[in-house]
Structure formats: C-alpha cells, structure tokens
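File shown here: structure-v9.cif, holding mmCIF, C-alpha atoms.
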```cif
data_model
#
loop_
_atom_site.label_atom_id
_atom_site.label_comp_id
_atom_site.auth_asym_id
_atom_site.auth_seq_id
_atom_site.Cartn_x
_atom_site.Cartn_y
_atom_site.Cartn_z
CA MET A 1 0.00 0.00 0.00
CA ALA A 2 1.43 3.36 -1.04
CA ALA A 3 2.21 5.86 1.67
CA PRO A 4 -0.28 8.73 1.84
CA ARG A 5 0.89 11.88 0.06
CA LEU A 6 1.71 14.79 2.35
CA ALA A 7 0.41 18.23 1.50
CA THR A 8 0.81 21.37 3.50
CA PRO A 9 -0.74 24.28 1.62
CA GLY A 10 1.18 27.52 1.80
CA LEU A 11 4.21 26.02 3.59
CA ARG A 12 7.46 26.76 1.78
CA VAL A 13 10.92 25.96 2.98
CA LEU A 14 14.51 26.71 2.10
CA SER A 15 17.09 23.98 1.62
CA GLY A 16 20.67 23.82 0.59
CA THR A 17 19.87 22.86 -3.01
CA SER A 18 16.30 23.91 -3.63
CA ARG A 19 15.31 27.36 -4.76
CA PRO A 20 13.49 29.78 -2.41
CA GLY A 21 9.77 29.37 -2.54
CA ARG A 22 9.83 25.67 -3.62
CA PRO A 23 6.79 23.85 -2.17
CA PHE A 24 7.48 21.19 0.42
CA THR A 25 7.09 17.66 -0.85
CA PRO A 26 8.17 14.28 0.53
CA GLY A 27 11.08 14.33 -1.89
CA SER A 28 12.31 17.77 -0.80
CA LYS A 29 15.25 18.33 1.47
CA PRO A 30 14.55 18.35 5.21
CA PHE A 31 13.79 21.57 7.04
CA CYS A 32 17.40 21.93 8.21
CA SER A 33 20.16 22.05 5.64
CA SER A 34 23.66 20.84 6.42
CA ALA A 35 24.66 24.46 7.16
CA SER A 36 22.00 24.88 9.81
CA THR A 37 21.90 21.53 11.57
CA SER A 38 23.00 23.26 14.75
CA ARG A 39 19.69 25.15 14.80
CA PRO A 40 16.90 22.61 14.14
CA LEU A 41 13.46 23.94 13.25
CA ASN A 42 11.67 23.17 16.50
CA ALA A 43 7.98 23.66 17.17
CA GLN A 44 8.40 27.22 18.37
CA ARG A 45 10.36 28.35 15.31
CA LEU A 46 7.92 26.57 13.01
CA ALA A 47 5.00 28.32 14.71
CA GLU A 48 6.73 31.69 14.30
CA LYS A 49 7.30 31.02 10.61
CA LEU A 50 3.68 30.03 10.09
CA ARG A 51 2.46 33.14 11.92
CA ALA A 52 4.71 35.34 9.80
CA GLN A 53 3.42 33.68 6.59
CA LYS A 54 -0.16 34.08 7.77
CA GLN A 55 0.37 37.78 8.51
CA GLU A 56 2.03 38.29 5.14
CA GLN A 57 -0.86 36.59 3.35
CA LYS A 58 -3.30 38.71 5.35
CA THR A 59 -1.48 41.86 4.29
CA LYS A 60 -1.49 40.79 0.65
CA LYS A 61 -5.25 40.25 0.85
CA MET A 62 -5.86 43.89 1.78
CA PRO A 63 -8.49 45.23 -0.60
CA GLY A 64 -6.90 46.62 -3.70
CA SER A 65 -7.56 50.16 -4.81
CA THR A 66 -7.08 52.25 -7.89
CA ASN A 67 -6.43 55.29 -5.69
CA ARG A 68 -2.74 56.20 -5.59
CA VAL A 69 -2.80 57.42 -1.99
CA GLN A 70 -4.51 54.28 -0.70
CA ARG A 71 -1.99 52.13 -2.57
CA ARG A 72 0.84 54.18 -1.12
CA VAL A 73 -0.51 53.78 2.42
CA GLN A 74 -0.87 50.04 1.96
CA GLU A 75 2.65 49.80 0.57
CA LEU A 76 3.94 51.71 3.60
CA VAL A 77 2.14 49.32 5.96
CA ARG A 78 3.66 46.31 4.21
CA PHE A 79 7.12 47.92 4.21
CA THR A 80 7.08 48.67 7.93
CA GLN A 81 5.95 45.13 8.69
CA GLN A 82 8.76 43.75 6.55
CA LEU A 83 11.32 45.85 8.46
CA GLN A 84 10.53 43.74 11.50
CA ARG A 85 11.17 40.49 9.64
CA VAL A 86 14.20 41.19 7.45
CA HIS A 87 17.61 39.77 8.23
CA PRO A 88 19.70 42.10 10.45
CA ASN A 89 22.29 42.39 7.66
CA VAL A 90 19.61 43.68 5.28
CA LEU A 91 18.44 46.27 7.79
CA ALA A 92 22.03 47.40 8.48
CA LYS A 93 22.55 47.82 4.72
CA GLU A 94 19.42 49.98 4.48
CA LEU A 95 20.62 52.19 7.33
CA SER A 96 24.03 52.58 5.68
CA ARG A 97 22.32 53.95 2.56
CA GLY A 98 20.78 56.75 4.62
CA ILE A 99 23.95 58.10 6.21
CA LEU A 100 23.79 61.89 6.60
CA HIS A 101 27.21 62.50 8.14
CA GLN A 102 30.21 60.47 9.24
CA ASP A 103 33.45 61.39 10.97
CA LYS A 104 35.82 59.76 13.44
CA ASP A 105 33.52 60.54 16.40
CA ILE A 106 29.90 60.25 15.26
CA LEU A 107 27.68 58.72 12.61
CA VAL A 108 24.35 60.35 11.69
CA ILE A 109 21.65 58.31 9.95
CA ASN A 110 18.20 58.91 8.51
CA LYS A 111 15.86 56.85 10.68
CA PRO A 112 13.14 55.11 8.62
CA TYR A 113 9.48 55.12 9.53
CA GLY A 114 8.09 52.33 11.71
CA LEU A 115 11.46 51.09 13.01
CA PRO A 116 11.90 50.95 16.82
CA VAL A 117 15.14 52.17 18.35
CA HIS A 118 15.05 49.76 21.31
CA GLY A 119 13.65 46.27 21.75
CA GLY A 120 10.52 45.44 23.72
CA PRO A 121 7.34 43.35 23.70
CA GLY A 122 6.41 42.42 20.14
CA VAL A 123 9.61 43.93 18.67
CA GLN A 124 11.42 41.44 16.46
CA LEU A 125 14.15 43.76 15.20
CA CYS A 126 15.28 47.27 16.15
CA ILE A 127 18.10 49.70 15.42
CA SER A 128 20.11 48.79 18.53
CA ASP A 129 20.18 45.15 17.36
CA VAL A 130 22.03 45.98 14.14
CA LEU A 131 24.54 48.56 15.41
CA PRO A 132 27.35 45.96 15.65
CA ILE A 133 26.66 44.87 12.05
CA LEU A 134 26.49 48.45 10.78
CA ALA A 135 29.84 49.25 12.42
CA LYS A 136 31.50 46.25 10.77
CA MET A 137 30.07 47.23 7.37
CA LEU A 138 31.63 50.69 7.68
CA ARG A 139 34.91 49.97 9.49
CA GLY A 140 35.65 46.31 9.00
CA HIS A 141 35.15 43.16 11.05
CA LYS A 142 37.23 44.36 14.00
CA ALA A 143 35.10 47.47 14.54
CA GLU A 144 33.43 47.97 17.91
CA PRO A 145 29.61 48.40 17.95
CA LEU A 146 28.14 51.85 17.50
CA HIS A 147 26.38 53.50 20.45
CA LEU A 148 23.03 55.28 20.66
CA CYS A 149 23.16 58.97 21.65
CA HIS A 150 19.41 59.64 21.84
CA ARG A 151 16.17 58.08 20.71
CA LEU A 152 13.26 58.73 18.38
CA ASP A 153 9.80 57.20 18.56
CA LYS A 154 9.08 54.22 16.33
CA GLU A 155 6.87 56.29 14.00
CA THR A 156 9.17 59.33 13.85
CA THR A 157 11.54 59.72 10.90
CA GLY A 158 14.65 61.80 10.39
CA VAL A 159 18.01 62.74 11.90
CA MET A 160 19.47 60.33 14.45
CA VAL A 161 22.97 60.52 16.00
CA LEU A 162 25.19 57.53 16.81
CA ALA A 163 28.70 57.51 18.31
CA TRP A 164 31.69 55.28 17.62
CA GLU A 165 32.92 55.27 21.22
CA GLN A 166 31.01 54.97 24.48
CA ASP A 167 32.75 58.04 25.89
CA MET A 168 31.67 60.14 22.90
CA ALA A 169 28.11 58.81 23.25
CA HIS A 170 28.07 60.01 26.87
CA GLN A 171 29.30 63.45 25.79
CA VAL A 172 26.56 63.77 23.15
CA GLN A 173 23.93 62.53 25.62
CA GLU A 174 25.07 65.19 28.08
CA LEU A 175 24.62 67.84 25.37
CA PHE A 176 21.04 66.68 24.89
CA ARG A 177 20.40 66.69 28.66
CA ALA A 178 21.91 70.17 28.99
CA ARG A 179 19.65 71.39 26.13
CA GLN A 180 22.62 72.47 24.05
CA VAL A 181 21.44 70.61 20.93
CA GLU A 182 19.04 72.62 18.77
CA LYS A 183 16.32 70.34 17.39
CA LYS A 184 13.72 71.13 14.75
CA TYR A 185 10.82 68.87 13.80
CA TRP A 186 8.27 69.25 11.05
CA ALA A 187 4.72 68.01 11.49
CA ILE A 188 1.50 68.14 9.50
CA THR A 189 -1.34 69.04 11.84
CA VAL A 190 -5.07 68.55 11.59
CA ARG A 191 -6.40 72.12 11.79
CA THR A 192 -4.22 75.22 12.05
CA PRO A 193 -2.68 76.28 15.38
CA LEU A 194 -3.75 79.67 16.73
CA PRO A 195 -1.81 81.81 17.27
CA SER A 196 0.48 80.93 14.38
CA ALA A 197 3.62 81.06 16.56
CA GLY A 198 4.30 80.80 20.26
CA ILE A 199 5.64 78.79 23.18
CA ILE A 200 3.75 75.99 24.94
CA ASP A 201 4.87 75.75 28.56
CA ILE A 202 2.62 73.12 30.15
CA PRO A 203 3.90 70.22 32.30
CA ILE A 204 3.23 66.66 31.13
CA VAL A 205 2.42 63.58 33.21
CA GLU A 206 1.82 59.91 32.36
CA LYS A 207 -1.57 58.50 33.40
CA LYS A 208 -3.30 55.15 33.16
CA VAL A 209 -6.38 55.16 30.96
CA GLN A 210 -9.24 52.94 32.10
CA GLY A 211 -11.51 51.26 29.60
CA GLN A 212 -11.80 48.20 27.40
CA GLN A 213 -8.13 48.60 26.49
CA GLN A 214 -6.19 49.67 29.55
CA HIS A 215 -3.11 51.63 28.52
CA HIS A 216 -0.91 54.57 29.54
CA LYS A 217 -0.84 57.98 27.88
CA MET A 218 0.99 61.22 28.42
CA THR A 219 -1.28 64.17 29.14
CA LEU A 220 -1.11 67.78 30.27
CA ALA A 221 -0.79 68.71 33.95
CA PRO A 222 -1.45 72.48 33.83
CA SER A 223 -0.50 74.67 36.75
CA TYR A 224 -3.61 76.84 36.33
CA ARG A 225 -7.32 76.37 35.66
CA MET A 226 -10.27 78.65 35.01
CA ASP A 227 -12.77 79.10 37.85
CA ASN A 228 -15.76 81.38 37.19
CA GLY A 229 -13.79 83.28 34.59
CA LYS A 230 -10.74 83.65 36.83
CA MET A 231 -7.39 81.94 36.50
CA VAL A 232 -6.63 79.90 39.61
CA LYS A 233 -3.32 78.20 40.42
CA VAL A 234 -3.64 74.49 41.21
CA ARG A 235 -1.42 72.21 43.26
CA ALA A 236 1.48 70.88 41.21
CA ASN A 237 1.49 67.20 40.32
CA ARG A 238 4.63 65.65 41.82
CA ASP A 239 4.87 63.20 38.90
CA ALA A 240 4.61 65.87 36.22
CA HIS A 241 7.60 66.89 34.09
CA VAL A 242 8.41 70.39 32.87
CA ALA A 243 7.72 70.49 29.12
CA VAL A 244 8.37 73.47 26.84
CA THR A 245 7.86 73.58 23.07
CA GLN A 246 8.36 76.48 20.67
CA TYR A 247 6.33 76.29 17.46
CA GLN A 248 5.76 78.21 14.24
CA VAL A 249 3.31 77.63 11.39
CA LEU A 250 5.25 77.48 8.12
CA CYS A 251 2.22 77.24 5.83
CA SER A 252 -1.45 76.50 6.35
CA ASN A 253 -4.97 76.31 5.01
CA PRO A 254 -8.30 76.09 6.88
CA SER A 255 -8.03 72.32 7.44
CA SER A 256 -4.30 71.61 7.97
CA ALA A 257 -0.88 73.14 8.49
CA LEU A 258 2.83 72.44 8.27
CA VAL A 259 4.31 73.33 11.66
CA GLU A 260 7.94 73.63 12.76
CA LEU A 261 8.52 72.50 16.35
CA GLN A 262 11.51 73.17 18.58
CA PRO A 263 11.35 71.16 21.81
CA VAL A 264 13.25 72.87 24.61
CA THR A 265 12.77 69.85 26.87
CA GLY A 266 12.70 66.18 25.91
CA ILE A 267 9.71 64.52 27.55
CA LYS A 268 8.14 61.36 26.11
CA HIS A 269 5.60 62.24 23.38
CA GLN A 270 5.98 65.92 24.25
CA LEU A 271 5.32 67.29 20.76
CA ARG A 272 2.31 65.07 20.18
CA VAL A 273 0.72 65.94 23.54
CA HIS A 274 1.35 69.68 23.25
CA LEU A 275 -0.17 69.81 19.77
CA SER A 276 -3.13 67.52 20.52
CA PHE A 277 -4.16 68.81 23.95
CA GLY A 278 -2.40 72.17 24.16
CA LEU A 279 -3.37 73.58 20.74
CA ASP A 280 -6.15 71.13 19.78
CA CYS A 281 -4.28 70.44 16.54
CA PRO A 282 -3.19 66.78 16.56
CA ILE A 283 -0.53 65.53 14.17
CA LEU A 284 -1.86 63.81 11.06
CA GLY A 285 -1.74 60.05 11.66
CA ASP A 286 -1.46 60.33 15.46
CA HIS A 287 -4.01 57.65 16.32
CA LYS A 288 -2.74 57.22 19.89
CA TYR A 289 -3.76 60.73 20.91
CA SER A 290 -6.81 61.16 18.70
CA ASP A 291 -9.06 60.13 21.62
CA TRP A 292 -8.10 60.17 25.29
CA ASN A 293 -10.26 57.25 26.46
CA ARG A 294 -9.83 54.87 23.55
CA LEU A 295 -7.27 53.70 21.00
CA VAL A 296 -9.15 54.49 17.81
CA PRO A 297 -8.18 55.69 14.31
CA GLN A 298 -7.93 59.45 13.93
CA LYS A 299 -11.15 61.11 12.74
CA LEU A 300 -10.62 63.51 9.86
CA SER A 301 -12.90 66.07 8.26
CA ALA A 302 -14.59 65.32 4.95
CA GLY A 303 -12.46 67.98 3.27
CA THR A 304 -9.18 66.50 4.49
CA LEU A 305 -10.24 62.99 3.52
CA LYS A 306 -11.19 64.21 0.05
CA LYS A 307 -7.81 65.86 -0.44
CA LEU A 308 -6.02 62.71 0.69
CA GLY A 309 -8.29 60.59 -1.49
CA LEU A 310 -9.26 58.40 1.46
CA GLN A 311 -12.32 57.20 3.27
CA GLN A 312 -12.59 57.34 7.06
CA THR A 313 -12.39 53.55 7.19
CA LYS A 314 -8.88 53.80 5.68
CA ALA A 315 -7.68 56.53 8.06
CA ARG A 316 -6.02 53.93 10.33
CA TYR A 317 -3.38 53.36 7.63
CA ILE A 318 -2.21 57.00 7.66
CA PRO A 319 1.30 57.13 9.19
CA LEU A 320 2.39 59.66 11.79
CA HIS A 321 3.59 62.80 9.99
CA LEU A 322 6.36 63.81 12.40
CA HIS A 323 9.86 64.27 11.03
CA ALA A 324 13.12 65.14 12.81
CA ARG A 325 14.11 67.74 10.27
CA GLN A 326 17.29 69.25 11.67
CA LEU A 327 19.87 69.01 14.45
CA ILE A 328 22.62 71.48 15.31
CA LEU A 329 25.41 69.92 17.36
CA PRO A 330 27.87 72.25 19.11
CA ALA A 331 31.62 71.83 18.69
CA LEU A 332 32.70 68.51 20.17
CA GLY A 333 35.89 66.45 20.18
CA ALA A 334 38.16 67.18 17.22
CA ARG A 335 35.41 69.24 15.53
CA LYS A 336 35.81 72.94 16.34
CA GLU A 337 32.65 74.20 14.63
CA GLU A 338 28.92 73.64 14.94
CA LEU A 339 27.55 70.83 12.82
CA LEU A 340 24.18 71.36 11.13
CA LEU A 341 22.48 68.15 10.03
CA ALA A 342 19.39 68.35 7.83
CA CYS A 343 17.28 65.52 6.44
CA LYS A 344 14.75 65.90 3.65
CA LEU A 345 11.19 64.70 4.09
CA PRO A 346 10.24 61.05 3.49
CA HIS A 347 8.19 60.37 0.39
CA PHE A 348 4.85 59.83 2.15
CA PHE A 349 5.24 63.14 4.05
CA ALA A 350 6.01 65.17 0.91
CA SER A 351 3.13 63.46 -0.92
CA SER A 352 0.69 64.45 1.84
CA LEU A 353 1.88 68.06 1.63
CA ARG A 354 1.08 68.14 -2.08
CA ARG A 355 -2.30 66.51 -1.56
CA LEU A 356 -3.27 68.94 1.19
CA GLY A 357 -2.13 71.97 -0.80
CA LEU A 358 0.62 72.92 1.66
CA ASP A 359 3.66 74.56 0.09
CA MET A 360 7.18 73.59 1.08
CA PRO A 361 8.92 76.58 2.69
CA ASN A 362 11.93 77.87 0.81
CA GLN A 363 14.69 77.12 3.30
CA ASP A 364 18.33 76.17 2.89
CA GLN A 365 18.83 72.43 2.91
CA SER A 366 22.28 72.73 4.52
CA GLY A 367 24.03 75.11 6.83
CA GLY A 368 27.60 74.98 5.54
CA SER A 369 30.26 72.70 4.18
CA GLU A 370 29.87 70.26 7.05
CA ALA A 371 26.12 69.86 6.74
CA ARG A 372 24.62 67.25 4.50
CA SER A 373 21.06 66.31 3.58
CA VAL A 374 19.60 63.20 2.06
CA GLU A 375 16.29 62.32 0.46
CA ALA A 376 14.60 59.60 2.50
CA GLU A 377 13.27 56.69 0.53
#
```
Could you render the structure as structure tokens?
Amino acid sequence: MAAPRLATPGLRVLSGTSRPGRPFTPGSKPFCSSASTSRPLNAQRLAEKLRAQKQEQKTKKMPGSTNRVQRRVQELVRFTQQLQRVHPNVLAKELSRGILHQDKDILVINKPYGLPVHGGPGVQLCISDVLPILAKMLRGHKAEPLHLCHRLDKETTGVMVLAWEQDMAHQVQELFRARQVEKKYWAITVRTPLPSAGIIDIPIVEKKVQGQQQHHKMTLAPSYRMDNGKMVKVRANRDAHVAVTQYQVLCSNPSSALVELQPVTGIKHQLRVHLSFGLDCPILGDHKYSDWNRLVPQKLSAGTLKKLGLQQTKARYIPLHLHARQLILPALGARKEELLLACKLPHFFASSLRRLGLDMPNQDQSGGSEARSVEAE
C-alpha cells in the first residue's frame, strides 16, 4: 500500500539545493540544511514562521484600490511590517544607505518610519540590534559596535545621532540633557494652530487610561485652571515633568498646516501631547492621541479625507507625519565648529503636503560645508 501523500498548503521551505519558494514535498530536502543543523526547526520556530506567513498573506489580501494614496498607504504598511522580519544584515545595509554625516567621532543616519530604536514586547528587530553589524560594514570586522546617543519614537523619521565610542556617546547625551542641541521637527497638523507662533509651557504627566483597552498615555498637567472666569493656580502634580515647546506655522490652510517645532525639553511624546491637547491640533496620523479614552483611528474632516483621497475607514493606515528635520550639534571632540544636520522629508510626508495643498517653505537644505542632507526613501 502506497504511503499517503503529504500536503501542507502555503508552507514553503529553504534547503541547501532547492530554490526559495519551492513547495514542500516528501522528496524535498529536510527543514534543516547541512549548514544549519545546529539550529533545528523546533515547534516554536515553526509556529513563528507560520504566523509570519499568515500575517504576510493577510497583508497581501488587503483590498486593492485604484487610488494612488490608498496604494501608497498600503505599501507603507507592508514595508514597515517587513522591516521587523528582514535579516539584520539587510536592515544594516538599508541604514548605511541613509547616512547623513560620518566622521571619526559620530555617525548620523536617517531613521526610517516604523522602526523601533530599542527592543521590547512584540519587537522582532530594532536599530540597537544591528549597530554591531552596521559598524562592521563601515569599518571592517574588527570594529566595535556603534552606540546610541538619543532616541526617536518608532513612528518618527529623520536625523538620528550615533557615536563610535562609548565616551563620545556620553558626551553627546550630556549635550542633549543640557539642552545644548538645537532640534527642529516638522509636522503636519489637523487644523491650524492659533496663534500661528508661540511657546507651549505646560507640564506633562503619564496616566493610566481605564476602559476596554487599559493603557498609559501622556497628558497635560497644567499649573492653572479657570474658575468662574478667573485663572486659579492648582497644586502641582509631583509626577509631572516640565515640558516646553516652541512652534511656528510654516504654511497652512483652513483644514491643515505644516508646523515647525523646537522642543526645549525632551519629555516622552511631548510634541504630540502639546499639539493635541495644548493647541487642539493633533498631528496627522497620530491615532494614539486622537481620543483620550480609547485607542481608535484618527477622525478627519470630509475635506481633508477628500484631499487625501481616502475614506474614514482607511484613516487607520495613515502614518504619523512627524519628522526630525534638523539638528545642530555644538563643537565637540576634534570638531571645532557647529555641525548642522538636515534631512529631507520622506516620500509619504512630501506626498501628503502636495495633496493637502501645503507649500514647502523655501529654506536652505544645509548650513555649511559640514552639513549634508539626504532624500529619504
């Protein structure tokens, strides 16, 4: 009696001689090639592979659209998911293509969208994981790992500073703590801030949000409140952090604006909280702070949705439009002059500006011979 034929739909394996994507059959090579016998495909690894394939198939089954913006948003979602599953060498290569500046002390990269800086729950790959590989790509196999000097949120793009030596990393970190690094961010906001320029000086505190999805959010902890038309000072929250942000509207229309932000302090989610709750102008794509009590997609006006070519049901795919546009580092180490580092907008950000009818301000892309800028892919 012939042995029953095995069939596992959708399961594809790699072997030493077969080509990628070859279906598994009884005659195929075993799961582990001779080069990987030291790491057998156990049940846990097999389950992870199947989950990854299932998620990839789910992403591919996203409803197709003839609308260019919807296709672009879907492509961005797939790209950010793939960043979490690529080989560390591939990710290090991508980061090396976005180098803004390099000298014997520091390395400045263009951080992609959707890539975490540190590891954590649900994070399969992050920038800190590939710093040893990136260092070897740039300085050879004997190079020591690069060191983080500061951090950016997962959804934030733009200028990010790394250091070759731990001592230099500590010096740069001290510059950030002492507020000697001038930082400029660009953000697209829903609605236009009024007044068009100013300083937001409102403390921020982290609170637990009760509801179906318990989670923590940063929120304002103002020192004053209105009582019968009078301003009354309230007791300071001992857990609150001083938070100061300078802002300026670069261009605007009735439904949206391009805003330049200069954080004086560096509190978690400071820019997002100050814009959402301080000015009532949340950042486009900021779904976390679109509603205080729930984690829901950002609600946009009919006019904004029409300009973006989207429906409200697709708003959850809009990425956070917050970009670390520029850093000015003071003289440090062997460098005797200030270093201005500028990074051009990512493609999805520039595309949204065009769709919303917001003009790019005419500003210099570099601040001297030492400054460099790069177009993010």
What does the structure give for the distance between CA of Glu174 in chain A and CA of Cys149 in chain A, in Å to one decimal?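 A separation of 9.1 Å between them.
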With a distance cut-off of 12 Å and all atoms listed in the file, select the neighbouring residues of Asp103 in chain A, excluding the residue or stretch itself and same-chain residues fewer than 3 positions from it, and output the selection as a list in words. Ile99, Leu100, Ile106, Leu107, Val108, Leu138, Arg139, Val161, Leu162, Ala163, Trp164, Glu165, Leu332, Gly333, Ala334, Arg335, Leu339, Glu370 and Ala371 of chain A
Using the selection just defined, write its residues with C-alpha atoms as an mmCIF file, keeping the file's coordinate frame.
```cif
data_model
loop_
_atom_site.group_PDB
_atom_site.id
_atom_site.type_symbol
_atom_site.label_atom_id
_atom_site.label_comp_id
_atom_site.auth_asym_id
_atom_site.auth_seq_id
_atom_site.Cartn_x
_atom_site.Cartn_y
_atom_site.Cartn_z
ATOM 1 C CA ILE A 99 23.950 58.100 6.210
ATOM 2 C CA LEU A 100 23.790 61.890 6.600
ATOM 3 C CA ILE A 106 29.900 60.250 15.260
ATOM 4 C CA LEU A 107 27.680 58.720 12.610
ATOM 5 C CA VAL A 108 24.350 60.350 11.690
ATOM 6 C CA LEU A 138 31.630 50.690 7.680
ATOM 7 C CA ARG A 139 34.910 49.970 9.490
ATOM 8 C CA VAL A 161 22.970 60.520 16.000
ATOM 9 C CA LEU A 162 25.190 57.530 16.810
ATOM 10 C CA ALA A 163 28.700 57.510 18.310
ATOM 11 C CA TRP A 164 31.690 55.280 17.620
ATOM 12 C CA GLU A 165 32.920 55.270 21.220
ATOM 13 C CA LEU A 332 32.700 68.510 20.170
ATOM 14 C CA GLY A 333 35.890 66.450 20.180
ATOM 15 C CA ALA A 334 38.160 67.180 17.220
ATOM 16 C CA ARG A 335 35.410 69.240 15.530
ATOM 17 C CA LEU A 339 27.550 70.830 12.820
ATOM 18 C CA GLU A 370 29.870 70.260 7.050
ATOM 19 C CA ALA A 371 26.120 69.860 6.740
#
```
Expanded to explicit residues, what is the PyMOL selection byres ((chain A and resi 192) around 12) for this file, as a PDB file with C-alpha atoms, in the coordinates of the input?
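Everything below was put into out_14.pdb:
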```
ATOM      1  CA  ALA A 187       4.720  68.010  11.490  1.00  0.00           C
ATOM      2  CA  ILE A 188       1.500  68.140   9.500  1.00  0.00           C
ATOM      3  CA  THR A 189      -1.340  69.040  11.840  1.00  0.00           C
ATOM      4  CA  VAL A 190      -5.070  68.550  11.590  1.00  0.00           C
ATOM      5  CA  ARG A 191      -6.400  72.120  11.790  1.00  0.00           C
ATOM      6  CA  PRO A 193      -2.680  76.280  15.380  1.00  0.00           C
ATOM      7  CA  LEU A 194      -3.750  79.670  16.730  1.00  0.00           C
ATOM      8  CA  PRO A 195      -1.810  81.810  17.270  1.00  0.00           C
ATOM      9  CA  SER A 196       0.480  80.930  14.380  1.00  0.00           C
ATOM     10  CA  ALA A 197       3.620  81.060  16.560  1.00  0.00           C
ATOM     11  CA  TYR A 247       6.330  76.290  17.460  1.00  0.00           C
ATOM     12  CA  GLN A 248       5.760  78.210  14.240  1.00  0.00           C
ATOM     13  CA  VAL A 249       3.310  77.630  11.390  1.00  0.00           C
ATOM     14  CA  LEU A 250       5.250  77.480   8.120  1.00  0.00           C
ATOM     15  CA  CYS A 251       2.220  77.240   5.830  1.00  0.00           C
ATOM     16  CA  SER A 252      -1.450  76.500   6.350  1.00  0.00           C
ATOM     17  CA  ASN A 253      -4.970  76.310   5.010  1.00  0.00           C
ATOM     18  CA  PRO A 254      -8.300  76.090   6.880  1.00  0.00           C
ATOM     19  CA  SER A 255      -8.030  72.320   7.440  1.00  0.00           C
ATOM     20  CA  SER A 256      -4.300  71.610   7.970  1.00  0.00           C
ATOM     21  CA  ALA A 257      -0.880  73.140   8.490  1.00  0.00           C
ATOM     22  CA  LEU A 258       2.830  72.440   8.270  1.00  0.00           C
ATOM     23  CA  VAL A 259       4.310  73.330  11.660  1.00  0.00           C
ATOM     24  CA  LEU A 275      -0.170  69.810  19.770  1.00  0.00           C
ATOM     25  CA  SER A 276      -3.130  67.520  20.520  1.00  0.00           C
ATOM     26  CA  LEU A 279      -3.370  73.580  20.740  1.00  0.00           C
ATOM     27  CA  ASP A 280      -6.150  71.130  19.780  1.00  0.00           C
ATOM     28  CA  CYS A 281      -4.280  70.440  16.540  1.00  0.00           C
ATOM     29  CA  PRO A 282      -3.190  66.780  16.560  1.00  0.00           C
ATOM     30  CA  ILE A 283      -0.530  65.530  14.170  1.00  0.00           C
ATOM     31  CA  LEU A 284      -1.860  63.810  11.060  1.00  0.00           C
ATOM     32  CA  LEU A 358       0.620  72.920   1.660  1.00  0.00           C
TER      33      LEU A 358
END
```
Picked residues, the PyMOL selection byres ((chain A and resi 203) around 7), expected as a ChimeraX atom specification: /A:201-202,204-205,220-222,240-243
List the spatial neighbours of His87 in chain A as a PDB file with C-alpha atoms, keeping the file's coordinate frame - criterion: any atom at most 12 Å away, all atoms listed in the file, same-chain residues fewer than 5 positions off excluded.
```pdb
ATOM      1  CA  GLN A  82       8.760  43.750   6.550  1.00  0.00           C
ATOM      2  CA  ALA A  92      22.030  47.400   8.480  1.00  0.00           C
ATOM      3  CA  LYS A  93      22.550  47.820   4.720  1.00  0.00           C
ATOM      4  CA  GLU A  94      19.420  49.980   4.480  1.00  0.00           C
ATOM      5  CA  GLN A 124      11.420  41.440  16.460  1.00  0.00           C
ATOM      6  CA  LEU A 125      14.150  43.760  15.200  1.00  0.00           C
ATOM      7  CA  CYS A 126      15.280  47.270  16.150  1.00  0.00           C
ATOM      8  CA  ASP A 129      20.180  45.150  17.360  1.00  0.00           C
ATOM      9  CA  VAL A 130      22.030  45.980  14.140  1.00  0.00           C
ATOM     10  CA  ILE A 133      26.660  44.870  12.050  1.00  0.00           C
TER      11      ILE A 133
END
```
So, with all atoms listed in the file as the atoms that count, which of A:Gln102, A:Ser128, A:Asn42, A:Ser96 lies closest to Leu341 in chain A?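 Ranking A:Gln102, A:Ser128, A:Asn42, A:Ser96 by distance to Leu341 in chain A, first place goes to A:Gln102.
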To test your reading of the syntax: which residues would the PyMOL selection byres ((chain A and resi 207) around 6) return for the file shown? Reply as a ChimeraX atom specification. /A:206,208,216-217
I need the chosen residues saved as a compact mmCIF listing (two decimals), keeping the file's coordinate frame, with C-alpha atoms.
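Saved as again34.txt:
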```txt
# COMPACT_ATOMS: atom_id res chain seq x y z
CA GLU A 206 1.82 59.91 32.36
CA LYS A 208 -3.30 55.15 33.16
CA HIS A 216 -0.91 54.57 29.54
CA LYS A 217 -0.84 57.98 27.88
```
Given only C-alpha atoms as the counted atoms, nearest of A:Val232, A:Val296, A:Ser351, A:Leu131 to Pro88 in chain A: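 Of the candidates, the smallest distance to Pro88 in chain A is held by A:Leu131.
In this model, the gap between CA of Leu322 in chain A and CA of His170 in chain A comes to 26.4 Å.
Coordinates place CA of Glu155 in chain A at a distance of 24.0 Å from CA of Gln53 in chain A.
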Can you list, as a ChimeraX atom specification, every protein, DNA or RNA residue that comes within 12 Å of Lys142 in chain A when you count all atoms listed in the file, leaving out same-chain residues fewer than 5 positions away? /A:132-137
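Between Leu327 in chain A and the residues A:Thr219, A:Gln262, A:Gln246, A:Gln55, the shortest atom-to-atom distance, using all atoms listed in the file, involves A:Gln262.
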Point out the residue among A:Gly285, A:Gly158, A:Gly198, A:Pro319 with the least atom-to-atom distance to Pro112 in chain A, counting all atoms listed in the file.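 That would be A:Gly158, the residue with the smallest distance to Pro112 in chain A.
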Minimum-distance residue to Thr156 in chain A, chosen among A:Pro361, A:Pro346, A:Gly119, A:Pro263 (using all atoms listed in the file): A:Pro346
Using only C-alpha atoms for the distances, tell me which of A:Leu175, A:Asn110, A:Ala52, A:Gln166 is nearest to Val86 in chain A.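 Nearest to Val86 in chain A: A:Ala52.
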Exercise: range 299-315 of chain A partners within 6 Å, only C-alpha atoms, chain neighbours under 3 positions left out, as a ChimeraX atom specification: /A:318,355-356
